[in-house]
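Below is upload35.pdb, holding PDB, C-alpha atoms.
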```
ATOM      1  CA  ARG V  71      29.331  60.935 -41.136  1.00  0.00           C
ATOM      2  CA  ASP V  72      25.881  59.400 -40.579  1.00  0.00           C
ATOM      3  CA  VAL V  73      27.537  56.197 -39.368  1.00  0.00           C
ATOM      4  CA  GLU V  74      29.593  58.172 -36.854  1.00  0.00           C
ATOM      5  CA  LEU V  75      26.484  59.898 -35.540  1.00  0.00           C
ATOM      6  CA  ALA V  76      24.631  56.582 -35.160  1.00  0.00           C
ATOM      7  CA  ALA V  77      27.588  55.183 -33.215  1.00  0.00           C
ATOM      8  CA  SER V  78      28.145  58.305 -31.109  1.00  0.00           C
ATOM      9  CA  GLU V  79      27.535  56.475 -27.836  1.00  0.00           C
ATOM     10  CA  PHE V  80      30.884  54.639 -28.131  1.00  0.00           C
ATOM     11  CA  ASP V  81      34.222  55.002 -29.961  1.00  0.00           C
ATOM     12  CA  SER V  82      32.742  55.863 -33.342  1.00  0.00           C
ATOM     13  CA  ALA V  83      36.133  56.454 -34.989  1.00  0.00           C
ATOM     14  CA  ASN V  84      37.263  52.907 -34.222  1.00  0.00           C
ATOM     15  CA  PHE V  85      33.874  51.542 -35.292  1.00  0.00           C
ATOM     16  CA  VAL V  86      34.097  53.311 -38.662  1.00  0.00           C
ATOM     17  CA  GLU V  87      37.685  52.108 -39.112  1.00  0.00           C
ATOM     18  CA  GLU V  88      36.595  48.500 -38.572  1.00  0.00           C
ATOM     19  CA  ILE V  89      33.668  48.911 -40.967  1.00  0.00           C
ATOM     20  CA  ILE V  90      36.012  50.124 -43.699  1.00  0.00           C
ATOM     21  CA  LYS V  91      38.647  47.480 -42.979  1.00  0.00           C
ATOM     22  CA  ARG V  92      36.088  44.655 -43.169  1.00  0.00           C
ATOM     23  CA  GLY V  93      34.548  45.939 -46.396  1.00  0.00           C
ATOM     24  CA  LEU V  94      31.183  46.469 -44.693  1.00  0.00           C
ATOM     25  CA  VAL V  95      30.465  50.013 -45.892  1.00  0.00           C
ATOM     26  CA  PRO V  96      27.570  48.930 -48.210  1.00  0.00           C
ATOM     27  CA  PHE V  97      25.827  47.489 -45.142  1.00  0.00           C
ATOM     28  CA  ALA V  98      26.669  50.338 -42.763  1.00  0.00           C
ATOM     29  CA  ILE V  99      24.846  52.850 -44.974  1.00  0.00           C
ATOM     30  CA  LYS V 100      21.551  50.934 -44.578  1.00  0.00           C
ATOM     31  CA  PRO V 101      19.774  51.706 -41.266  1.00  0.00           C
ATOM     32  CA  PHE V 102      18.678  48.161 -40.448  1.00  0.00           C
ATOM     33  CA  THR V 103      22.048  46.482 -41.104  1.00  0.00           C
ATOM     34  CA  LEU V 104      23.845  49.406 -39.437  1.00  0.00           C
ATOM     35  CA  ARG V 105      21.834  48.647 -36.301  1.00  0.00           C
ATOM     36  CA  ALA V 106      22.967  45.027 -36.502  1.00  0.00           C
ATOM     37  CA  LEU V 107      26.607  46.088 -36.822  1.00  0.00           C
ATOM     38  CA  ILE V 108      26.300  48.509 -33.898  1.00  0.00           C
ATOM     39  CA  SER V 109      24.696  45.789 -31.777  1.00  0.00           C
ATOM     40  CA  ALA V 110      27.537  43.395 -32.571  1.00  0.00           C
ATOM     41  CA  TYR V 111      30.160  46.067 -31.866  1.00  0.00           C
ATOM     42  CA  ARG V 112      28.580  47.100 -28.578  1.00  0.00           C
ATOM     43  CA  GLU V 113      28.997  43.594 -27.102  1.00  0.00           C
ATOM     44  CA  THR V 114      32.815  43.740 -26.967  1.00  0.00           C
ATOM     45  CA  ASN V 115      33.720  47.191 -28.331  1.00  0.00           C
ATOM     46  CA  THR V 116      34.870  45.528 -31.514  1.00  0.00           C
ATOM     47  CA  LEU V 117      33.253  43.711 -34.404  1.00  0.00           C
ATOM     48  CA  PRO V 118      33.398  39.908 -34.228  1.00  0.00           C
ATOM     49  CA  ALA V 119      36.728  38.612 -35.535  1.00  0.00           C
ATOM     50  CA  ASP V 120      34.820  35.939 -37.427  1.00  0.00           C
ATOM     51  CA  GLN V 121      33.573  37.310 -40.751  1.00  0.00           C
ATOM     52  CA  LEU V 122      31.175  34.373 -40.857  1.00  0.00           C
ATOM     53  CA  GLU V 123      29.413  35.566 -37.708  1.00  0.00           C
ATOM     54  CA  ILE V 124      29.078  39.110 -39.091  1.00  0.00           C
ATOM     55  CA  TYR V 125      27.434  37.947 -42.314  1.00  0.00           C
ATOM     56  CA  ARG V 126      25.134  35.557 -40.492  1.00  0.00           C
ATOM     57  CA  ARG V 127      23.893  38.454 -38.384  1.00  0.00           C
ATOM     58  CA  LEU V 128      23.479  40.750 -41.370  1.00  0.00           C
ATOM     59  CA  CYS V 129      21.532  38.188 -43.398  1.00  0.00           C
ATOM     60  CA  ARG V 130      19.307  37.281 -40.468  1.00  0.00           C
ATOM     61  CA  VAL V 131      18.490  40.938 -39.825  1.00  0.00           C
ATOM     62  CA  ALA V 132      17.841  41.590 -43.532  1.00  0.00           C
ATOM     63  CA  ALA V 133      15.538  38.546 -43.748  1.00  0.00           C
ATOM     64  CA  THR V 134      13.561  39.932 -40.806  1.00  0.00           C
ATOM     65  CA  GLU V 135      13.213  43.470 -42.204  1.00  0.00           C
ATOM     66  CA  MET V 136      10.085  43.646 -44.363  1.00  0.00           C
ATOM     67  CA  SER V 137       9.368  46.088 -47.164  1.00  0.00           C
ATOM     68  CA  PRO V 138       7.873  49.481 -46.200  1.00  0.00           C
ATOM     69  CA  SER V 139       4.696  48.732 -48.176  1.00  0.00           C
ATOM     70  CA  ARG V 140       4.110  45.493 -46.249  1.00  0.00           C
ATOM     71  CA  LEU V 141       4.752  47.243 -42.940  1.00  0.00           C
ATOM     72  CA  GLU V 142       2.356  50.052 -43.867  1.00  0.00           C
ATOM     73  CA  ARG V 143      -0.341  47.457 -44.562  1.00  0.00           C
ATOM     74  CA  GLY V 144       0.371  45.843 -41.198  1.00  0.00           C
ATOM     75  CA  THR V 145       1.020  42.440 -42.793  1.00  0.00           C
ATOM     76  CA  THR V 146       4.006  40.452 -41.589  1.00  0.00           C
ATOM     77  CA  GLY V 147       3.434  37.371 -43.730  1.00  0.00           C
ATOM     78  CA  LEU V 148       3.058  33.653 -43.108  1.00  0.00           C
ATOM     79  CA  PHE V 149       6.735  32.666 -43.192  1.00  0.00           C
ATOM     80  CA  THR V 150       9.026  33.033 -40.202  1.00  0.00           C
ATOM     81  CA  ALA V 151      12.300  34.908 -40.585  1.00  0.00           C
ATOM     82  CA  GLU V 152      14.150  31.570 -40.572  1.00  0.00           C
ATOM     83  CA  GLU V 153      11.950  30.252 -43.373  1.00  0.00           C
ATOM     84  CA  ARG V 154      12.517  33.403 -45.431  1.00  0.00           C
ATOM     85  CA  LEU V 155      16.234  33.007 -44.801  1.00  0.00           C
ATOM     86  CA  GLN V 156      16.139  29.444 -46.134  1.00  0.00           C
ATOM     87  CA  VAL V 157      14.305  30.567 -49.266  1.00  0.00           C
ATOM     88  CA  SER V 158      16.997  33.232 -49.658  1.00  0.00           C
ATOM     89  CA  ARG V 159      19.727  30.599 -49.355  1.00  0.00           C
ATOM     90  CA  ARG V 160      18.055  28.585 -52.099  1.00  0.00           C
ATOM     91  CA  LEU V 161      17.757  31.669 -54.305  1.00  0.00           C
ATOM     92  CA  GLY V 162      21.392  32.514 -53.582  1.00  0.00           C
ATOM     93  CA  ALA V 163      22.491  29.094 -54.782  1.00  0.00           C
ATOM     94  CA  PHE V 164      20.430  29.415 -57.975  1.00  0.00           C
ATOM     95  CA  SER V 165      21.755  32.924 -58.601  1.00  0.00           C
ATOM     96  CA  VAL V 166      25.422  32.223 -58.022  1.00  0.00           C
ATOM     97  CA  PHE V 167      25.780  28.810 -59.641  1.00  0.00           C
ATOM     98  CA  SER V 168      23.681  29.686 -62.690  1.00  0.00           C
ATOM     99  CA  ASN V 169      25.388  33.104 -62.926  1.00  0.00           C
ATOM    100  CA  LYS V 170      22.005  34.839 -63.147  1.00  0.00           C
ATOM    101  CA  THR V 171      21.590  38.171 -61.388  1.00  0.00           C
ATOM    102  CA  LEU V 172      17.841  38.790 -61.763  1.00  0.00           C
ATOM    103  CA  ILE V 173      14.840  36.865 -60.447  1.00  0.00           C
ATOM    104  CA  ARG V 174      11.743  36.800 -62.635  1.00  0.00           C
ATOM    105  CA  THR V 175       8.463  36.835 -60.666  1.00  0.00           C
ATOM    106  CA  ASP V 176       6.042  36.239 -63.533  1.00  0.00           C
ATOM    107  CA  LEU V 177       6.042  33.196 -65.791  1.00  0.00           C
ATOM    108  CA  PRO V 178       6.451  34.203 -69.471  1.00  0.00           C
ATOM    109  CA  LEU V 179       5.092  31.639 -71.899  1.00  0.00           C
ATOM    110  CA  ASP V 180       8.462  31.351 -73.612  1.00  0.00           C
ATOM    111  CA  GLY V 181      10.391  31.136 -70.321  1.00  0.00           C
ATOM    112  CA  ALA V 182      12.515  33.633 -68.427  1.00  0.00           C
ATOM    113  CA  PRO V 183      14.988  35.703 -70.498  1.00  0.00           C
ATOM    114  CA  ALA V 184      18.691  34.857 -70.362  1.00  0.00           C
ATOM    115  CA  GLY V 185      20.259  36.053 -67.137  1.00  0.00           C
ATOM    116  CA  GLU V 186      17.028  35.710 -65.153  1.00  0.00           C
ATOM    117  CA  ILE V 187      15.999  32.891 -62.803  1.00  0.00           C
ATOM    118  CA  ASP V 188      12.755  31.153 -63.731  1.00  0.00           C
ATOM    119  CA  LEU V 189      10.732  30.661 -60.560  1.00  0.00           C
ATOM    120  CA  ASP V 190       9.552  27.241 -61.700  1.00  0.00           C
ATOM    121  CA  ALA V 191      12.997  26.037 -60.669  1.00  0.00           C
ATOM    122  CA  VAL V 192      12.704  27.601 -57.207  1.00  0.00           C
ATOM    123  CA  TYR V 193       9.299  26.287 -56.164  1.00  0.00           C
ATOM    124  CA  GLY V 194       9.190  23.052 -54.196  1.00  0.00           C
ATOM    125  CA  THR V 195      10.229  21.594 -50.853  1.00  0.00           C
ATOM    126  CA  ASP V 196      13.362  22.663 -49.041  1.00  0.00           C
ATOM    127  CA  PHE V 197      14.600  22.110 -45.493  1.00  0.00           C
ATOM    128  CA  LEU V 198      15.642  24.342 -42.625  1.00  0.00           C
ATOM    129  CA  PRO V 199      18.996  23.594 -40.948  1.00  0.00           C
ATOM    130  CA  SER V 200      16.943  21.829 -38.250  1.00  0.00           C
ATOM    131  CA  GLY V 201      15.572  19.427 -40.881  1.00  0.00           C
ATOM    132  CA  GLN V 202      12.061  20.891 -40.835  1.00  0.00           C
ATOM    133  CA  PRO V 203      10.564  21.014 -44.346  1.00  0.00           C
ATOM    134  CA  VAL V 204       9.581  24.301 -45.980  1.00  0.00           C
ATOM    135  CA  GLN V 205       7.098  24.393 -48.838  1.00  0.00           C
ATOM    136  CA  ILE V 206       8.138  27.172 -51.206  1.00  0.00           C
ATOM    137  CA  GLY V 207       5.305  28.588 -53.266  1.00  0.00           C
ATOM    138  CA  THR V 208       4.201  31.958 -54.583  1.00  0.00           C
ATOM    139  CA  ILE V 209       3.294  33.465 -51.194  1.00  0.00           C
ATOM    140  CA  GLY V 210       6.468  32.448 -49.350  1.00  0.00           C
ATOM    141  CA  LEU V 211       8.622  33.511 -52.254  1.00  0.00           C
ATOM    142  CA  ARG V 212       6.945  36.915 -52.463  1.00  0.00           C
ATOM    143  CA  GLU V 213       7.438  37.425 -48.711  1.00  0.00           C
ATOM    144  CA  THR V 214      11.124  36.610 -49.104  1.00  0.00           C
ATOM    145  CA  LEU V 215      11.593  38.959 -52.044  1.00  0.00           C
ATOM    146  CA  ASP V 216       9.895  41.698 -50.005  1.00  0.00           C
ATOM    147  CA  THR V 217      12.681  41.614 -47.418  1.00  0.00           C
ATOM    148  CA  SER V 218      15.689  43.890 -47.388  1.00  0.00           C
ATOM    149  CA  LEU V 219      17.875  41.205 -48.952  1.00  0.00           C
ATOM    150  CA  PHE V 220      16.387  42.148 -52.327  1.00  0.00           C
ATOM    151  CA  ASN V 221      15.543  45.130 -54.534  1.00  0.00           C
ATOM    152  CA  TRP V 222      12.597  45.332 -56.926  1.00  0.00           C
ATOM    153  CA  GLN V 223      13.894  46.554 -60.289  1.00  0.00           C
ATOM    154  CA  SER V 224      10.457  46.418 -61.933  1.00  0.00           C
ATOM    155  CA  PRO V 225       7.067  44.812 -61.150  1.00  0.00           C
ATOM    156  CA  HIS V 226       8.423  41.463 -62.350  1.00  0.00           C
ATOM    157  CA  GLN V 227      12.184  41.692 -61.806  1.00  0.00           C
ATOM    158  CA  VAL V 228      14.082  41.450 -58.541  1.00  0.00           C
ATOM    159  CA  SER V 229      17.801  41.689 -57.846  1.00  0.00           C
ATOM    160  CA  TRP V 230      19.882  41.130 -54.738  1.00  0.00           C
ATOM    161  CA  ASP V 231      20.396  44.247 -52.631  1.00  0.00           C
ATOM    162  CA  HIS V 232      24.100  43.351 -52.580  1.00  0.00           C
ATOM    163  CA  ARG V 233      25.808  40.491 -54.403  1.00  0.00           C
ATOM    164  CA  SER V 234      27.699  39.474 -51.272  1.00  0.00           C
ATOM    165  CA  TYR V 235      24.374  38.389 -49.745  1.00  0.00           C
ATOM    166  CA  ALA V 236      23.899  35.887 -52.570  1.00  0.00           C
ATOM    167  CA  GLU V 237      27.520  34.700 -52.386  1.00  0.00           C
ATOM    168  CA  PHE V 238      27.376  34.041 -48.664  1.00  0.00           C
ATOM    169  CA  LEU V 239      23.905  32.473 -48.637  1.00  0.00           C
ATOM    170  CA  ALA V 240      24.769  30.197 -51.578  1.00  0.00           C
ATOM    171  CA  ALA V 241      27.718  28.802 -49.618  1.00  0.00           C
ATOM    172  CA  GLU V 242      25.622  28.435 -46.474  1.00  0.00           C
ATOM    173  CA  TYR V 243      22.950  26.622 -48.482  1.00  0.00           C
ATOM    174  CA  LEU V 244      25.418  23.970 -49.658  1.00  0.00           C
ATOM    175  CA  TYR V 245      26.762  23.588 -46.133  1.00  0.00           C
ATOM    176  CA  PHE V 246      23.349  23.034 -44.550  1.00  0.00           C
ATOM    177  CA  ARG V 247      22.312  20.668 -47.344  1.00  0.00           C
ATOM    178  CA  GLY V 248      25.388  18.553 -46.620  1.00  0.00           C
ATOM    179  CA  VAL V 249      26.790  18.550 -50.155  1.00  0.00           C
ATOM    180  CA  SER V 250      29.357  15.794 -50.694  1.00  0.00           C
ATOM    181  CA  ARG V 251      33.019  16.462 -51.505  1.00  0.00           C
ATOM    182  CA  LYS V 252      32.591  14.953 -54.947  1.00  0.00           C
ATOM    183  CA  ASN V 253      29.586  17.101 -55.844  1.00  0.00           C
ATOM    184  CA  LEU V 254      31.094  20.261 -54.385  1.00  0.00           C
ATOM    185  CA  LYS V 255      34.274  19.880 -56.433  1.00  0.00           C
ATOM    186  CA  ARG V 256      32.184  19.291 -59.570  1.00  0.00           C
ATOM    187  CA  LEU V 257      30.189  22.421 -58.796  1.00  0.00           C
ATOM    188  CA  VAL V 258      33.046  24.863 -58.233  1.00  0.00           C
ATOM    189  CA  LEU V 259      35.894  23.529 -60.382  1.00  0.00           C
ATOM    190  CA  THR V 260      35.956  23.410 -64.172  1.00  0.00           C
ATOM    191  CA  GLU V 261      38.691  22.194 -66.505  1.00  0.00           C
ATOM    192  CA  GLN V 262      40.525  24.938 -68.390  1.00  0.00           C
ATOM    193  CA  GLU V 263      43.453  24.061 -70.615  1.00  0.00           C
ATOM    194  CA  GLY V 264      44.092  20.845 -68.741  1.00  0.00           C
ATOM    195  CA  HIS V 265      43.880  22.430 -65.266  1.00  0.00           C
ATOM    196  CA  LEU V 266      41.084  22.620 -62.703  1.00  0.00           C
ATOM    197  CA  ARG V 267      40.063  26.223 -62.082  1.00  0.00           C
ATOM    198  CA  VAL V 268      37.352  28.141 -60.227  1.00  0.00           C
ATOM    199  CA  PRO V 269      35.315  30.412 -62.536  1.00  0.00           C
ATOM    200  CA  PRO V 270      35.918  34.067 -61.535  1.00  0.00           C
ATOM    201  CA  GLN V 271      32.237  34.674 -60.742  1.00  0.00           C
ATOM    202  CA  LEU V 272      32.482  32.004 -58.024  1.00  0.00           C
ATOM    203  CA  TYR V 273      35.589  33.329 -56.248  1.00  0.00           C
ATOM    204  CA  GLU V 274      33.815  34.877 -53.248  1.00  0.00           C
ATOM    205  CA  THR V 275      31.325  32.031 -52.828  1.00  0.00           C
ATOM    206  CA  VAL V 276      34.167  29.513 -52.956  1.00  0.00           C
ATOM    207  CA  ALA V 277      36.007  31.569 -50.334  1.00  0.00           C
ATOM    208  CA  TRP V 278      32.970  31.274 -48.065  1.00  0.00           C
ATOM    209  CA  LEU V 279      32.833  27.557 -48.828  1.00  0.00           C
ATOM    210  CA  CYS V 280      36.400  27.275 -47.547  1.00  0.00           C
ATOM    211  CA  THR V 281      35.183  28.531 -44.160  1.00  0.00           C
ATOM    212  CA  PHE V 282      32.482  25.852 -44.103  1.00  0.00           C
ATOM    213  CA  PHE V 283      34.590  23.065 -45.652  1.00  0.00           C
ATOM    214  CA  PRO V 284      38.252  23.511 -44.587  1.00  0.00           C
ATOM    215  CA  TRP V 285      39.333  20.602 -46.814  1.00  0.00           C
ATOM    216  CA  LEU V 286      38.458  22.745 -49.840  1.00  0.00           C
ATOM    217  CA  THR V 287      41.300  25.132 -48.989  1.00  0.00           C
ATOM    218  CA  LYS V 288      43.800  22.321 -49.510  1.00  0.00           C
ATOM    219  CA  VAL V 289      42.227  21.493 -52.871  1.00  0.00           C
ATOM    220  CA  LEU V 290      42.532  25.117 -53.981  1.00  0.00           C
ATOM    221  CA  LEU V 291      46.135  25.378 -52.804  1.00  0.00           C
ATOM    222  CA  LYS V 292      46.869  22.569 -55.237  1.00  0.00           C
ATOM    223  CA  ASP V 293      44.587  23.461 -58.159  1.00  0.00           C
ATOM    224  CA  ASP V 294      43.828  27.197 -58.061  1.00  0.00           C
ATOM    225  CA  PRO V 295      45.613  29.153 -55.283  1.00  0.00           C
ATOM    226  CA  VAL V 296      44.786  32.487 -56.948  1.00  0.00           C
ATOM    227  CA  VAL V 297      41.285  32.262 -55.446  1.00  0.00           C
ATOM    228  CA  LEU V 298      42.756  32.294 -51.946  1.00  0.00           C
ATOM    229  CA  LEU V 299      44.869  35.351 -52.738  1.00  0.00           C
ATOM    230  CA  LEU V 300      42.146  37.420 -54.392  1.00  0.00           C
ATOM    231  CA  SER V 301      39.213  36.730 -52.093  1.00  0.00           C
ATOM    232  CA  ASP V 302      37.991  39.619 -49.971  1.00  0.00           C
ATOM    233  CA  VAL V 303      36.482  37.082 -47.538  1.00  0.00           C
ATOM    234  CA  LEU V 304      39.759  35.299 -46.800  1.00  0.00           C
ATOM    235  CA  ARG V 305      41.774  38.524 -46.497  1.00  0.00           C
ATOM    236  CA  THR V 306      39.682  39.799 -43.593  1.00  0.00           C
TER
END
```
As a first step, turn the structure in this file into structure tokens.
Amino acid sequence: RDVELAASEFDSANFVEEIIKRGLVPFAIKPFTLRALISAYRETNTLPADQLEIYRRLCRVAATEMSPSRLERGTTGLFTAEERLQVSRRLGAFSVFSNKTLIRTDLPLDGAPAGEIDLDAVYGTDFLPSGQPVQIGTIGLRETLDTSLFNWQSPHQVSWDHRSYAEFLAAEYLYFRGVSRKNLKRLVLTEQEGHLRVPPQLYETVAWLCTFFPWLTKVLLKDDPVVLLLSDVLRT
């Protein structure tokens, strides 16, 4: 109902129908990503046919939206939205391919617990899609985790606001880093009982990778076609 009210200036019924059909309800219930969806819809009275374009918009908006506490203090941070987005891509890749759902922001002497990303692995130099280097340290990482892409579970634990953010950004990270065919296949395919298979936790990320690397679709048709049938990304 709130979504319909926000979209009352145009055909809200059709807008809501498209939101449901595209599986975008978790984003439509958040004010900032709802605004992004309305903006995209308003351009042509329909949401973009390309799911890739929708998620790029949502992630960019979420990387721009800062935490209420930071806004109340009037501090916008030192990183640009594009730099925070690149840090998020890097975190997405670590989260998805290590199958770890939490990010640890302190540094326990005995290391991060199982299931949590140790920030020592995240710090360092990365590169924007333009090739410009980004130095990722404590300040830039904190700014990124303070965006609407993430949720603070405790003073030292952060999770993704929605797993689909991590899945999409992980795929985009590999695309912008120019991962080779050989390395990509090693990353997403494992041998199970003499056959190459995609681990279930990678299904949606691999589906996004198919949109970035069309050749991967042919590989999956041969080795693991179930991924193509089950993916929410490829069904939309």
Of the listed residues V:Glu135, V:Glu123, V:Glu153, V:Glu237, that which approaches Asn169 of chain V most closely, counting only C-alpha atoms: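 Checking each of V:Glu135, V:Glu123, V:Glu153, V:Glu237 against Asn169 of chain V, counting only C-alpha atoms, the winner is V:Glu237.
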Between atom CA of Gly248 of chain V and atom CA of Ala277 of chain V, distance in Å (one decimal):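 According to the coordinates, atom CA of Gly248 of chain V and atom CA of Ala277 of chain V are separated by 17.2 Å.
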Atomic separation - atom CA of Thr171 of chain V relative to atom CA of Trp222 of chain V, Å: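 That distance, rounded to one decimal, is 12.3 Å.
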Residue contacts of Leu161 of chain V (8 Å, all atoms listed in the file) excluding same-chain residues fewer than 4 positions away, as a ChimeraX atom specification: /V:157,165,192,236,240
Atom pair atom CA of Asp120 of chain V / atom CA of Leu198 of chain V: separation (Å):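 About the pair atom CA of Asp120 of chain V and atom CA of Leu198 of chain V: they are 23.0 Å apart.
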Non-local contacts of Pro101 of chain V (12 Å; all atoms listed in the file; under 2 positions in same chain excluded) as a list in words: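 The residues that qualify are Asp72, Val73, Ala76, Ala77, Val95, Pro96, Phe97, Ala98, Ile99, Thr103, Leu104, Arg105, Ala106, Leu107, Ile108, Leu128, Val131, Ala132, Glu135 and Ser218 of chain V.
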Residue IDs satisfying the PyMOL selection byres ((chain V and resi 268-275) around 8), as a VMD selection string: chain V and resid 166 to 167 169 234 237 to 238 240 to 241 258 to 260 266 to 267 276 to 279 294 297 300 to 303
Selection result for the PyMOL selection byres ((chain V and resi 186) around 12) on this file, as a list in words: Leu161, Phe164, Ser165, Val166, Ser168, Asn169, Lys170, Thr171, Leu172, Ile173, Arg174, Thr175, Asp176, Leu177, Pro178, Gly181, Ala182, Pro183, Ala184, Gly185, Ile187, Asp188, Leu189, Asp190, Ala191, His226, Gln227, Val228 and Ser229 of chain V
Given only C-alpha atoms as the counted atoms, nearest of V:Leu286, V:Cys129, V:Leu155, V:Leu244 to Val204 of chain V: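 For Val204 of chain V, the nearest of the given residues is V:Leu155.
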Shell of 10 Å around Ile124 of chain V, all atoms listed in the file, local chain residues under 6 positions omitted, as a CSV table (one decimal) with C-alpha atoms, in the frame of the given file:
```csv
chain,number,residue,atom,x,y,z
V,92,ARG,CA,36.1,44.7,-43.2
V,94,LEU,CA,31.2,46.5,-44.7
V,106,ALA,CA,23.0,45.0,-36.5
V,107,LEU,CA,26.6,46.1,-36.8
V,110,ALA,CA,27.5,43.4,-32.6
V,117,LEU,CA,33.3,43.7,-34.4
V,118,PRO,CA,33.4,39.9,-34.2
```
Residues selected by the PyMOL selection byres ((chain V and resi 209) around 12), written as a ChimeraX atom specification: /V:146-149,154,157,175,193,205-208,210-216
